[in-house]
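Q: Next comes query02.cif, mmCIF, C-alpha atoms:
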```cif
data_start
loop_
_atom_site.label_atom_id
_atom_site.label_comp_id
_atom_site.auth_asym_id
_atom_site.auth_seq_id
_atom_site.Cartn_x
_atom_site.Cartn_y
_atom_site.Cartn_z
CA MET A 245 -21.19 12.98 2.00
CA LEU A 246 -19.10 15.37 -0.04
CA ASN A 247 -20.75 15.62 -3.45
CA LYS A 248 -18.61 18.07 -5.43
CA VAL A 249 -15.31 19.97 -5.34
CA ASP A 250 -14.47 22.97 -7.50
CA LEU A 251 -11.08 24.67 -7.09
CA LYS A 252 -9.58 27.58 -8.99
CA ASN A 253 -6.05 29.00 -8.62
CA PHE A 254 -5.40 27.02 -5.44
CA GLY A 255 -1.63 26.61 -5.41
CA PRO A 256 -0.68 24.06 -8.12
CA LEU A 257 -4.38 23.36 -8.76
CA THR A 258 -5.37 25.95 -11.36
CA ASP A 259 -8.71 24.47 -12.40
CA ILE A 260 -10.30 21.36 -10.93
CA THR A 261 -13.93 20.31 -11.00
CA TRP A 262 -14.65 16.92 -9.44
CA GLN A 263 -18.27 15.91 -9.09
CA ASN A 264 -20.50 12.86 -8.65
CA LEU A 265 -18.30 11.78 -5.74
CA ALA A 266 -18.88 8.43 -4.04
CA GLY A 267 -17.96 6.50 -0.91
CA ILE A 268 -14.42 5.86 -2.17
CA ASN A 269 -12.66 8.48 -4.27
CA LEU A 270 -9.15 8.24 -5.67
CA VAL A 271 -6.55 10.78 -6.79
CA ILE A 272 -3.66 9.40 -8.81
CA GLY A 273 -0.62 10.89 -10.47
CA ALA A 274 3.15 11.15 -10.37
CA ASN A 275 5.07 12.92 -7.60
CA GLY A 276 4.69 16.69 -7.59
CA THR A 277 1.35 16.83 -9.39
CA GLY A 278 -0.52 18.18 -6.36
CA LYS A 279 -2.31 15.07 -5.04
CA THR A 280 -1.57 15.77 -1.38
CA PHE A 281 -2.26 19.47 -1.89
CA LEU A 282 -5.71 18.59 -3.23
CA LEU A 283 -6.54 16.37 -0.25
CA LYS A 284 -5.46 19.11 2.15
CA ALA A 285 -7.52 21.73 0.29
CA ILE A 286 -10.64 19.60 0.71
CA TYR A 287 -9.73 18.69 4.29
CA THR A 288 -9.45 22.33 5.40
CA ALA A 289 -12.95 23.03 4.10
CA ILE A 290 -14.46 19.96 5.77
CA ARG A 291 -12.75 20.56 9.12
CA THR A 292 -13.88 24.20 9.05
CA LEU A 293 -17.48 23.05 8.71
CA GLU A 294 -17.04 20.51 11.53
CA GLU A 295 -15.49 23.01 13.94
CA TYR A 296 -17.98 25.79 13.17
CA LYS A 297 -20.52 26.34 15.97
CA ARG A 298 -19.25 23.31 17.88
CA GLY A 299 -19.64 23.59 21.61
CA ASP A 300 -18.74 27.04 22.94
CA ASP A 301 -16.54 27.99 19.96
CA GLN A 302 -17.53 31.56 19.08
CA ARG A 303 -15.33 31.91 15.99
CA THR A 304 -16.90 32.64 12.63
CA ALA A 305 -16.50 30.17 9.77
CA ALA A 306 -14.15 32.65 8.07
CA GLU A 307 -11.93 32.83 11.17
CA ILE A 308 -11.79 29.05 11.52
CA LEU A 309 -11.01 28.63 7.81
CA ALA A 310 -8.23 31.23 7.81
CA GLU A 311 -6.57 29.56 10.78
CA LYS A 312 -7.00 26.11 9.23
CA LEU A 313 -5.44 27.19 5.94
CA TYR A 314 -2.57 28.91 7.73
CA TRP A 315 -1.62 25.97 9.92
CA THR A 316 -2.28 23.30 7.27
CA PHE A 317 -0.29 24.83 4.42
CA GLN A 318 1.96 27.04 6.63
CA PRO A 319 2.58 29.95 4.21
CA GLU A 320 3.82 33.36 5.33
CA LYS A 321 0.30 34.62 4.59
CA ILE A 322 -2.68 32.72 3.22
CA GLY A 323 -2.63 34.91 0.11
CA ASP A 324 0.50 32.99 -0.88
CA LEU A 325 -1.77 30.01 -1.61
CA VAL A 326 -3.05 31.78 -4.74
CA THR A 327 -1.46 30.26 -7.83
CA LYS A 328 1.70 32.15 -8.74
CA GLY A 329 1.12 34.41 -11.73
CA ALA A 330 -2.66 33.93 -11.70
CA ASP A 331 -4.74 36.98 -12.59
CA ALA A 332 -7.84 35.79 -10.74
CA ALA A 333 -8.36 35.04 -7.05
CA LEU A 334 -8.26 31.66 -5.37
CA SER A 335 -11.68 30.06 -5.03
CA CYS A 336 -12.96 26.90 -3.39
CA ASP A 337 -16.49 25.59 -3.79
CA VAL A 338 -17.63 22.34 -2.17
CA GLU A 339 -21.01 20.70 -1.75
CA LEU A 340 -21.64 18.65 1.37
CA ASN A 341 -24.93 16.75 1.37
CA SER A 342 -25.91 18.98 -1.56
CA HIS A 343 -25.38 22.15 0.51
CA LYS A 344 -22.86 24.72 -0.66
CA PHE A 345 -19.78 26.07 1.09
CA CYS A 346 -17.53 28.39 -0.87
CA TYR A 347 -14.93 31.10 -0.37
CA THR A 348 -12.49 33.22 -2.31
CA PHE A 349 -9.53 35.49 -1.59
CA GLY A 350 -6.69 37.21 -3.41
CA LYS A 351 -2.92 37.09 -3.21
CA ASP A 352 -2.71 40.05 -0.78
CA THR A 353 -4.87 38.36 1.86
CA THR A 354 -3.12 37.97 5.21
CA LYS A 355 -5.42 36.34 7.77
CA GLN A 356 -8.92 37.59 7.04
CA ILE A 357 -11.24 35.99 4.47
CA SER A 358 -13.99 38.43 3.58
CA ILE A 359 -15.84 36.46 0.90
CA LEU A 360 -17.37 33.26 2.27
CA GLU A 361 -20.77 31.65 1.75
CA ASN A 362 -21.99 28.78 3.91
CA HIS A 363 -25.25 26.85 3.56
CA VAL A 364 -24.05 23.68 5.32
CA LEU A 365 -25.70 22.80 8.61
CA PRO A 366 -23.46 22.45 11.70
CA GLN A 367 -21.69 19.08 11.69
CA VAL A 368 -21.30 16.56 14.53
CA SER A 369 -18.95 14.30 12.58
CA ASN A 370 -15.16 14.12 12.87
CA SER A 371 -13.10 13.82 9.73
CA ILE A 372 -9.41 13.00 9.74
CA PHE A 373 -6.33 13.07 7.52
CA LEU A 374 -3.92 10.13 7.60
CA PRO A 375 -0.56 11.33 6.23
CA ALA A 376 1.92 9.10 4.41
CA LYS A 377 4.22 9.17 7.44
CA GLU A 378 3.04 7.40 10.58
CA VAL A 379 2.62 9.54 13.68
CA LEU A 380 2.51 7.16 16.65
CA SER A 381 6.26 7.33 17.29
CA LEU A 382 6.08 11.13 16.93
CA HIS A 383 2.90 11.62 18.93
CA HIS A 384 4.36 13.58 21.86
CA ILE A 385 6.67 15.58 19.62
CA ILE A 386 3.79 16.71 17.41
CA LEU A 387 1.66 17.79 20.37
CA LYS A 388 4.52 19.66 22.04
CA SER A 389 5.67 21.47 18.90
CA ARG A 390 2.17 22.73 18.12
CA GLU A 391 0.39 23.08 21.47
CA GLN A 392 3.32 24.33 23.56
CA ASP A 393 5.90 25.75 21.15
CA LYS A 394 3.37 26.85 18.48
CA VAL A 395 5.87 26.58 15.65
CA PHE A 396 5.67 25.48 12.03
CA GLY A 397 6.80 21.98 11.16
CA PHE A 398 3.94 19.58 11.72
CA ASP A 399 0.88 20.92 9.95
CA ASP A 400 -2.74 20.71 11.14
CA THR A 401 -3.29 17.30 9.57
CA TYR A 402 -0.70 15.91 12.00
CA LEU A 403 -1.99 17.92 14.97
CA ASP A 404 -5.63 16.92 14.42
CA LEU A 405 -4.61 13.28 14.14
CA ALA A 406 -2.38 13.40 17.23
CA ARG A 407 -5.24 14.90 19.25
CA ALA A 408 -7.69 12.29 17.96
CA LEU A 409 -5.34 9.46 18.90
CA ARG A 410 -5.01 10.53 22.53
CA GLN A 411 -8.69 9.85 23.15
CA SER A 412 -9.16 6.61 25.09
CA THR A 413 -10.63 3.51 23.47
CA LYS A 414 -14.29 3.11 24.41
CA GLY A 415 -15.99 -0.12 25.41
CA GLY A 416 -19.46 -1.27 24.51
CA LYS A 417 -21.04 -2.35 21.27
CA ASN A 418 -19.69 -0.78 18.10
CA TYR A 419 -21.18 -0.70 14.60
CA ALA A 420 -21.00 -4.21 13.12
CA GLU A 421 -18.91 -3.03 10.15
CA PHE A 422 -16.54 -1.18 12.49
CA ALA A 423 -16.14 -4.22 14.75
CA LYS A 424 -15.47 -6.46 11.77
CA SER A 425 -13.00 -3.96 10.33
CA ARG A 426 -11.14 -3.79 13.65
CA GLN A 427 -10.87 -7.57 13.71
CA ASN A 428 -9.64 -7.60 10.12
CA LEU A 429 -7.10 -4.90 10.93
CA GLU A 430 -5.84 -6.92 13.87
CA ASN A 431 -5.50 -9.94 11.60
CA ILE A 432 -3.35 -7.91 9.21
CA LEU A 433 -1.23 -6.55 12.04
CA GLY A 434 -0.92 -9.82 13.92
CA GLY A 435 -1.64 -7.87 17.09
CA ARG A 436 -2.88 -4.50 18.30
CA VAL A 437 -1.32 -1.14 19.08
CA GLU A 438 -2.30 0.27 22.49
CA TYR A 439 -1.45 3.28 24.63
CA ASP A 440 0.19 2.46 27.94
CA GLU A 441 -1.06 4.97 30.52
CA ILE A 442 1.75 4.15 32.97
CA SER A 443 4.66 4.80 30.61
CA GLY A 444 2.80 7.33 28.49
CA ARG A 445 3.94 5.49 25.37
CA TRP A 446 2.39 3.58 22.49
CA GLN A 447 3.23 -0.10 22.27
CA PHE A 448 2.47 -3.08 20.06
CA ARG A 449 0.87 -6.07 21.79
CA LYS A 450 1.16 -9.47 20.13
CA GLY A 451 -0.34 -12.16 22.32
CA ASN A 452 1.29 -11.79 25.74
CA GLN A 453 4.28 -9.91 24.34
CA LYS A 454 4.59 -6.14 24.24
CA PHE A 455 6.99 -4.19 22.04
CA PRO A 456 7.95 -0.47 22.09
CA ILE A 457 6.39 1.44 19.20
CA GLY A 458 9.83 2.56 18.05
CA VAL A 459 10.82 -0.98 17.05
CA THR A 460 7.48 -1.77 15.43
CA ALA A 461 7.23 -1.94 11.63
CA GLU A 462 6.12 1.22 9.82
CA GLY A 463 3.27 -0.62 8.11
CA VAL A 464 1.94 -1.89 11.43
CA LYS A 465 1.89 1.61 12.91
CA LYS A 466 0.19 3.05 9.83
CA ILE A 467 -2.68 0.55 9.76
CA ALA A 468 -3.00 0.63 13.56
CA ILE A 469 -4.00 4.30 13.43
CA LEU A 470 -7.26 3.45 11.67
CA ASP A 471 -7.93 0.72 14.23
CA ILE A 472 -7.39 3.19 17.12
CA LEU A 473 -9.74 5.78 15.61
CA LEU A 474 -12.45 3.14 15.16
CA GLY A 475 -11.90 1.92 18.72
CA ASN A 476 -12.09 5.32 20.42
CA ARG A 477 -15.12 6.28 18.28
CA TYR A 478 -13.47 9.46 17.00
CA ILE A 479 -14.62 8.55 13.51
CA GLY A 480 -18.18 7.49 12.79
CA PRO A 481 -20.52 6.75 9.88
CA ASP A 482 -20.57 10.40 8.77
CA SER A 483 -16.80 10.92 8.85
CA ILE A 484 -14.62 11.63 5.85
CA ILE A 485 -11.19 10.01 5.92
CA PHE A 486 -8.37 11.38 3.79
CA ILE A 487 -5.46 8.98 3.24
CA ASP A 488 -2.23 10.08 1.61
CA GLU A 489 -0.37 7.14 0.05
CA PRO A 490 -2.26 4.26 1.69
CA GLU A 491 0.33 1.92 0.18
CA SER A 492 3.20 3.46 2.16
CA ALA A 493 5.23 0.80 4.03
CA LEU A 494 2.73 -1.95 3.12
CA HIS A 495 3.39 -5.04 1.03
CA PRO A 496 0.93 -5.94 -1.80
CA VAL A 497 -1.09 -8.46 0.28
CA ALA A 498 -1.54 -5.94 3.10
CA ILE A 499 -2.54 -3.27 0.56
CA SER A 500 -5.21 -5.59 -0.85
CA ASN A 501 -6.58 -6.39 2.61
CA PHE A 502 -6.47 -2.72 3.60
CA MET A 503 -8.55 -1.77 0.54
CA ASP A 504 -11.11 -4.47 1.46
CA ILE A 505 -11.45 -2.90 4.92
CA ILE A 506 -11.87 0.56 3.41
CA SER A 507 -14.58 -0.82 1.11
CA LEU A 508 -16.40 -2.31 4.12
CA LEU A 509 -16.23 0.98 6.05
CA ALA A 510 -17.46 2.89 2.99
CA GLU A 511 -20.54 0.65 2.95
CA ARG A 512 -21.31 1.83 6.51
CA GLY A 513 -21.17 5.48 5.44
CA ILE A 514 -17.59 6.65 5.90
CA GLN A 515 -16.36 8.52 2.83
CA PHE A 516 -12.77 8.10 1.68
CA PHE A 517 -10.45 10.28 -0.37
CA MET A 518 -7.11 8.68 -1.17
CA ALA A 519 -4.07 9.90 -3.08
CA THR A 520 -1.76 7.27 -4.51
CA HIS A 521 0.85 6.41 -7.10
CA SER A 522 0.56 2.66 -6.49
CA TYR A 523 -0.58 0.31 -9.21
CA PHE A 524 -1.64 -2.19 -6.52
CA VAL A 525 -4.04 0.31 -4.90
CA VAL A 526 -5.61 1.27 -8.24
CA LYS A 527 -5.90 -2.33 -9.43
CA LYS A 528 -7.44 -3.55 -6.16
CA LEU A 529 -10.00 -0.74 -6.13
CA PHE A 530 -10.80 -1.49 -9.78
CA LEU A 531 -11.54 -5.11 -8.82
CA ILE A 532 -13.71 -3.94 -5.92
CA ALA A 533 -15.64 -1.60 -8.21
CA GLN A 534 -16.21 -4.42 -10.72
CA GLU A 535 -17.13 -7.03 -8.11
CA LYS A 536 -19.55 -4.84 -6.18
CA GLY A 537 -20.76 -2.77 -9.13
CA ILE A 538 -20.00 0.48 -7.30
CA SER A 539 -18.73 3.81 -8.47
CA ILE A 540 -15.15 4.74 -7.49
CA PRO A 541 -14.43 8.16 -9.04
CA VAL A 542 -10.83 8.83 -10.03
CA LEU A 543 -9.17 12.19 -10.57
CA SER A 544 -6.06 11.57 -12.59
CA ALA A 545 -3.15 13.93 -13.26
CA LYS A 546 -1.82 13.38 -16.76
CA LYS A 547 0.42 15.79 -18.66
CA ASP A 548 -0.39 18.74 -16.36
CA GLN A 549 -4.12 18.20 -16.78
CA TRP A 550 -6.68 16.58 -14.51
CA GLN A 551 -9.11 14.04 -15.90
CA SER A 552 -12.11 12.57 -14.14
CA THR A 553 -13.00 8.90 -14.71
CA ASP A 554 -14.58 6.02 -12.79
CA LEU A 555 -13.13 2.59 -11.99
CA LYS A 556 -16.62 1.16 -12.43
CA ASN A 557 -16.17 1.81 -16.15
CA GLY A 558 -12.68 0.30 -16.38
CA MET A 559 -9.04 0.87 -15.49
CA VAL A 560 -7.93 4.45 -15.87
CA SER A 561 -5.22 5.47 -18.34
CA ASN A 562 -2.42 7.10 -16.39
CA GLN A 563 1.37 7.25 -16.20
CA ILE A 564 1.34 4.84 -13.24
CA ILE A 565 -0.81 2.29 -15.03
CA ASP A 566 0.96 2.71 -18.37
CA GLU A 567 4.39 2.12 -16.81
CA SER A 568 3.18 -0.95 -14.91
CA ILE A 569 1.76 -2.44 -18.12
CA ARG A 570 4.95 -1.60 -20.02
CA LEU A 571 7.07 -3.44 -17.44
CA TYR A 572 4.73 -6.44 -17.60
CA LYS A 573 4.97 -6.60 -21.40
CA GLU A 574 8.74 -6.26 -21.18
CA GLU A 575 8.87 -9.19 -18.76
CA VAL A 576 6.67 -11.33 -21.04
CA GLU A 577 8.90 -10.56 -24.03
CA LEU A 578 11.98 -11.66 -22.06
CA VAL A 579 10.30 -14.94 -21.11
CA LEU A 580 9.23 -15.65 -24.70
CA ARG A 581 12.66 -15.07 -26.22
#
```
Translate this file's structure into structure tokens.
A:
Amino acid sequence: MLNKVDLKNFGPLTDITWQNLAGINLVIGANGTGKTFLLKAIYTAIRTLEEYKRGDDQRTAAEILAEKLYWTFQPEKIGDLVTKGADAALSCDVELNSHKFCYTFGKDTTKQISILENHVLPQVSNSIFLPAKEVLSLHHIILKSREQDKVFGFDDTYLDLARALRQSTKGGKNYAEFAKSRQNLENILGGRVEYDEISGRWQFRKGNQKFPIGVTAEGVKKIAILDILLGNRYIGPDSIIFIDEPESALHPVAISNFMDIISLLAERGIQFFMATHSYFVVKKLFLIAQEKGISIPVLSAKKDQWQSTDLKNGMVSNQIIDESIRLYKEEVELVLR
């Protein structure tokens, strides 16, 4: 489990310290505050640790990290990730299972990171980033643009996910929580998304009917991705899943059910980091925290500052929440007139 994140001068994130992290962790704020940027910053560190010393890979951690930063954020040089106008260097310090991984570099850095410290043991887990936009209908395009054409466009979060999705579903007994989650996901979807080896295309199967993925609802495709990754065993109890805008293309009931599934998977050991600007996501997670008595840390962007709170202790004060409450009060006033 990721225990702590400390970032300095990392793009729009000038100074963030987020500690006492839990199974479910939430980042909230308005558009443009750096929520997605934060998830990607953490993701690049975690994926570096997972790729380091795996199999026959002879790259150093610094080489893996530099490549991951370059293809995830896609700057001209990784030194461009340093906060504009900052006097100090960029620094990232994370603790995974209480072991430290940290690095720093300045604005003139091109592709070589010289200052890196790693005390984290080699990882066997696979973590993944689920972007706001679904990828099933773009699967082949993503793989071709990155693996064949090697051009900017789809960043490493999309490439890693596309590669994970092309692994075949495995049979046999799965973890009980995973099996239950897959069944719950299928209930939400009303069917299951599968890869057709003959046509080389994804399709949605509902009973005996099959539909092309291109005519399948966005929400179905988004939720189906988690089901596929549970089915092919790419993610396991030690994985960290990053979800950008889990509410995207989902109606409130589906959001609520989706959060229940995430809570169940978190109980089995998967750690979640989610970025949202949805009142429904925050409210549902608040109810989960209260019902189960669990900690759900929240990092909230408010007036260009980041504040750390916990849904276990109550609903967080934020622009999203404040506006939702304001609209509710306005509606009540109209009814009472």
Q: Name every residue that the PyMOL selection byres ((chain A and resi 290-292) around 8) selects in this structure, writing the answer as a PyMOL selection string with chains first and numbers rising.
A: chain A and resi 286-289+293-296+305+308-309+312+370-371
Q: Suppose a student applies the PyMOL selection byres ((chain A and resi 436-441) around 10) to this structure; what residues should they get, written as a PyMOL selection string?
A: chain A and resi 380+409-413+426-427+429-435+442-451+454-457+460+464-465+467-469+471-472
Q: Okay, now the selection with C-alpha atoms, as a PDB file, in the coordinates of the input?
A:
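As a result, out_35.pdb now contains:
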```pdb
ATOM      1  CA  LEU A 380       2.510   7.160  16.650  1.00  0.00           C
ATOM      2  CA  LEU A 409      -5.340   9.460  18.900  1.00  0.00           C
ATOM      3  CA  ARG A 410      -5.010  10.530  22.530  1.00  0.00           C
ATOM      4  CA  GLN A 411      -8.690   9.850  23.150  1.00  0.00           C
ATOM      5  CA  SER A 412      -9.160   6.610  25.090  1.00  0.00           C
ATOM      6  CA  THR A 413     -10.630   3.510  23.470  1.00  0.00           C
ATOM      7  CA  ARG A 426     -11.140  -3.790  13.650  1.00  0.00           C
ATOM      8  CA  GLN A 427     -10.870  -7.570  13.710  1.00  0.00           C
ATOM      9  CA  LEU A 429      -7.100  -4.900  10.930  1.00  0.00           C
ATOM     10  CA  GLU A 430      -5.840  -6.920  13.870  1.00  0.00           C
ATOM     11  CA  ASN A 431      -5.500  -9.940  11.600  1.00  0.00           C
ATOM     12  CA  ILE A 432      -3.350  -7.910   9.210  1.00  0.00           C
ATOM     13  CA  LEU A 433      -1.230  -6.550  12.040  1.00  0.00           C
ATOM     14  CA  GLY A 434      -0.920  -9.820  13.920  1.00  0.00           C
ATOM     15  CA  GLY A 435      -1.640  -7.870  17.090  1.00  0.00           C
ATOM     16  CA  ILE A 442       1.750   4.150  32.970  1.00  0.00           C
ATOM     17  CA  SER A 443       4.660   4.800  30.610  1.00  0.00           C
ATOM     18  CA  GLY A 444       2.800   7.330  28.490  1.00  0.00           C
ATOM     19  CA  ARG A 445       3.940   5.490  25.370  1.00  0.00           C
ATOM     20  CA  TRP A 446       2.390   3.580  22.490  1.00  0.00           C
ATOM     21  CA  GLN A 447       3.230  -0.100  22.270  1.00  0.00           C
ATOM     22  CA  PHE A 448       2.470  -3.080  20.060  1.00  0.00           C
ATOM     23  CA  ARG A 449       0.870  -6.070  21.790  1.00  0.00           C
ATOM     24  CA  LYS A 450       1.160  -9.470  20.130  1.00  0.00           C
ATOM     25  CA  GLY A 451      -0.340 -12.160  22.320  1.00  0.00           C
ATOM     26  CA  LYS A 454       4.590  -6.140  24.240  1.00  0.00           C
ATOM     27  CA  PHE A 455       6.990  -4.190  22.040  1.00  0.00           C
ATOM     28  CA  PRO A 456       7.950  -0.470  22.090  1.00  0.00           C
ATOM     29  CA  ILE A 457       6.390   1.440  19.200  1.00  0.00           C
ATOM     30  CA  THR A 460       7.480  -1.770  15.430  1.00  0.00           C
ATOM     31  CA  VAL A 464       1.940  -1.890  11.430  1.00  0.00           C
ATOM     32  CA  LYS A 465       1.890   1.610  12.910  1.00  0.00           C
ATOM     33  CA  ILE A 467      -2.680   0.550   9.760  1.00  0.00           C
ATOM     34  CA  ALA A 468      -3.000   0.630  13.560  1.00  0.00           C
ATOM     35  CA  ILE A 469      -4.000   4.300  13.430  1.00  0.00           C
ATOM     36  CA  ASP A 471      -7.930   0.720  14.230  1.00  0.00           C
ATOM     37  CA  ILE A 472      -7.390   3.190  17.120  1.00  0.00           C
TER      38      ILE A 472
END
```
Q: Show me the residues around (-3.8, 13.2, -12.6) - criterion: an atom at most 9 Å away, all atoms listed in the file counted - as a ChimeraX atom specification.
A: /A:271-274,277-279,542-552,562-563
Q: Interatomic distance between CA of Gly267 (chain A) and CA of Trp315 (chain A)?
A: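 We find that CA of Gly267 (chain A) and CA of Trp315 (chain A) lie 27.6 Å from each other.
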Q: What is the distance, in Å and to one decimal place, between CA of Phe349 (chain A) and CA of Ser389 (chain A)?
A: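 Going from CA of Phe349 (chain A) over to CA of Ser389 (chain A), I get 29.1 Å.
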Q: For a test of reading the model, state the distance in Å between CA of Lys388 (chain A) and CA of Phe317 (chain A), rounded to one decimal.
A: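 That distance, rounded to one decimal, is 19.0 Å.
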Q: Once the PyMOL selection byres ((chain A and resi 392-398) around 12) is applied to the coordinates I shared, what remains selected? I want it as a compact mmCIF listing (two decimals) with C-alpha atoms, in the frame of the given file.
A:
```
# COMPACT_ATOMS: atom_id res chain seq x y z
CA TYR A 314 -2.57 28.91 7.73
CA TRP A 315 -1.62 25.97 9.92
CA THR A 316 -2.28 23.30 7.27
CA PHE A 317 -0.29 24.83 4.42
CA GLN A 318 1.96 27.04 6.63
CA PRO A 319 2.58 29.95 4.21
CA GLU A 320 3.82 33.36 5.33
CA PRO A 375 -0.56 11.33 6.23
CA LYS A 377 4.22 9.17 7.44
CA VAL A 379 2.62 9.54 13.68
CA LEU A 382 6.08 11.13 16.93
CA HIS A 383 2.90 11.62 18.93
CA HIS A 384 4.36 13.58 21.86
CA ILE A 385 6.67 15.58 19.62
CA ILE A 386 3.79 16.71 17.41
CA LEU A 387 1.66 17.79 20.37
CA LYS A 388 4.52 19.66 22.04
CA SER A 389 5.67 21.47 18.90
CA ARG A 390 2.17 22.73 18.12
CA GLU A 391 0.39 23.08 21.47
CA ASP A 399 0.88 20.92 9.95
CA ASP A 400 -2.74 20.71 11.14
CA THR A 401 -3.29 17.30 9.57
CA TYR A 402 -0.70 15.91 12.00
CA LEU A 403 -1.99 17.92 14.97
CA ASP A 404 -5.63 16.92 14.42
CA LEU A 405 -4.61 13.28 14.14
CA ALA A 406 -2.38 13.40 17.23
```
Q: Restricting the calculation to only C-alpha atoms, which member of A:Val364, A:Ile505, A:Leu578, A:Leu474 is positioned closest to Lys414 (chain A)?
A: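 The closest residue to Lys414 (chain A) is A:Leu474.
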Q: Could you name the residues that touch region 255-257 of chain A at 9 Å or less, counting all atoms listed in the file, but leaving out those on the same chain fewer than 2 positions away, as a list in words?
A: Leu251, Lys252, Asn253, Asp259, Ile260, Thr277, Gly278, Phe281, Leu282, Asp324, Leu325, Val326, Thr327, Lys328 and Leu334 of chain A
Q: Could you tell me which of A:Ser500, A:Ser358, A:Asn275, A:Gln515 comes closest to Lys528 (chain A) if we count all atoms listed in the file?
A: A:Ser500
Q: Nearest residue to Ala423 (chain A) out of A:Lys355, A:His363, A:Arg512, A:Lys466, using only C-alpha atoms?
A: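 Of A:Lys355, A:His363, A:Arg512, A:Lys466, the one nearest Ala423 (chain A), counting only C-alpha atoms, is A:Arg512.
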Q: First collect every listed atom of region 306-311 of chain A; then fit an axis-aligned box around them, widen it by 5 Å on each side, and give centre and edge lengths in Å to one decimal, as AutoDock Vina command-line options.
A:
```
--center_x -10.4 --center_y 30.7 --center_z 9.7 --size_x 17.6 --size_y 14.2 --size_z 13.7
```
Q: Residues at most 10 Å from Lys248 (chain A), counting only C-alpha atoms, excluding those fewer than 2 positions away in the same chain, as a PyMOL selection string?
A: chain A and resi 245-246+250+261-266+337-344
Q: If I only have part of region 459-463 of chain A, can you fill in all heavy atoms and write it as a PDB file, in the frame of the given file?
A:
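Done, and the output landed in rebuild.pdb:
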```pdb
ATOM      1  N   VAL A 459      10.252   0.176  17.748  1.00  0.00           N
ATOM      2  CA  VAL A 459      10.820  -0.980  17.050  1.00  0.00           C
ATOM      3  C   VAL A 459       9.753  -1.739  16.271  1.00  0.00           C
ATOM      4  O   VAL A 459       9.998  -2.836  15.764  1.00  0.00           O
ATOM      5  CB  VAL A 459      11.522  -1.930  18.044  1.00  0.00           C
ATOM      6  CG1 VAL A 459      12.639  -1.219  18.772  1.00  0.00           C
ATOM      7  CG2 VAL A 459      10.517  -2.516  19.045  1.00  0.00           C
ATOM      8  N   THR A 460       8.576  -1.151  16.172  1.00  0.00           N
ATOM      9  CA  THR A 460       7.480  -1.770  15.430  1.00  0.00           C
ATOM     10  C   THR A 460       7.518  -1.334  13.976  1.00  0.00           C
ATOM     11  O   THR A 460       7.851  -0.192  13.671  1.00  0.00           O
ATOM     12  CB  THR A 460       6.127  -1.379  16.063  1.00  0.00           C
ATOM     13  OG1 THR A 460       6.142  -1.699  17.459  1.00  0.00           O
ATOM     14  CG2 THR A 460       4.985  -2.125  15.407  1.00  0.00           C
ATOM     15  N   ALA A 461       7.180  -2.224  13.064  1.00  0.00           N
ATOM     16  CA  ALA A 461       7.230  -1.940  11.630  1.00  0.00           C
ATOM     17  C   ALA A 461       6.365  -0.738  11.264  1.00  0.00           C
ATOM     18  O   ALA A 461       5.297  -0.530  11.834  1.00  0.00           O
ATOM     19  CB  ALA A 461       6.796  -3.172  10.849  1.00  0.00           C
ATOM     20  N   GLU A 462       6.844   0.028  10.274  1.00  0.00           N
ATOM     21  CA  GLU A 462       6.120   1.220   9.820  1.00  0.00           C
ATOM     22  C   GLU A 462       4.711   0.872   9.355  1.00  0.00           C
ATOM     23  O   GLU A 462       3.751   1.582   9.642  1.00  0.00           O
ATOM     24  CB  GLU A 462       6.898   1.889   8.684  1.00  0.00           C
ATOM     25  CG  GLU A 462       8.219   2.518   9.098  1.00  0.00           C
ATOM     26  CD  GLU A 462       8.014   3.749   9.955  1.00  0.00           C
ATOM     27  OE1 GLU A 462       7.308   4.671   9.529  1.00  0.00           O
ATOM     28  OE2 GLU A 462       8.561   3.782  11.066  1.00  0.00           O
ATOM     29  N   GLY A 463       4.576  -0.228   8.612  1.00  0.00           N
ATOM     30  CA  GLY A 463       3.270  -0.620   8.110  1.00  0.00           C
ATOM     31  C   GLY A 463       2.287  -0.942   9.217  1.00  0.00           C
ATOM     32  O   GLY A 463       1.101  -0.622   9.134  1.00  0.00           O
TER      33      GLY A 463
END
```
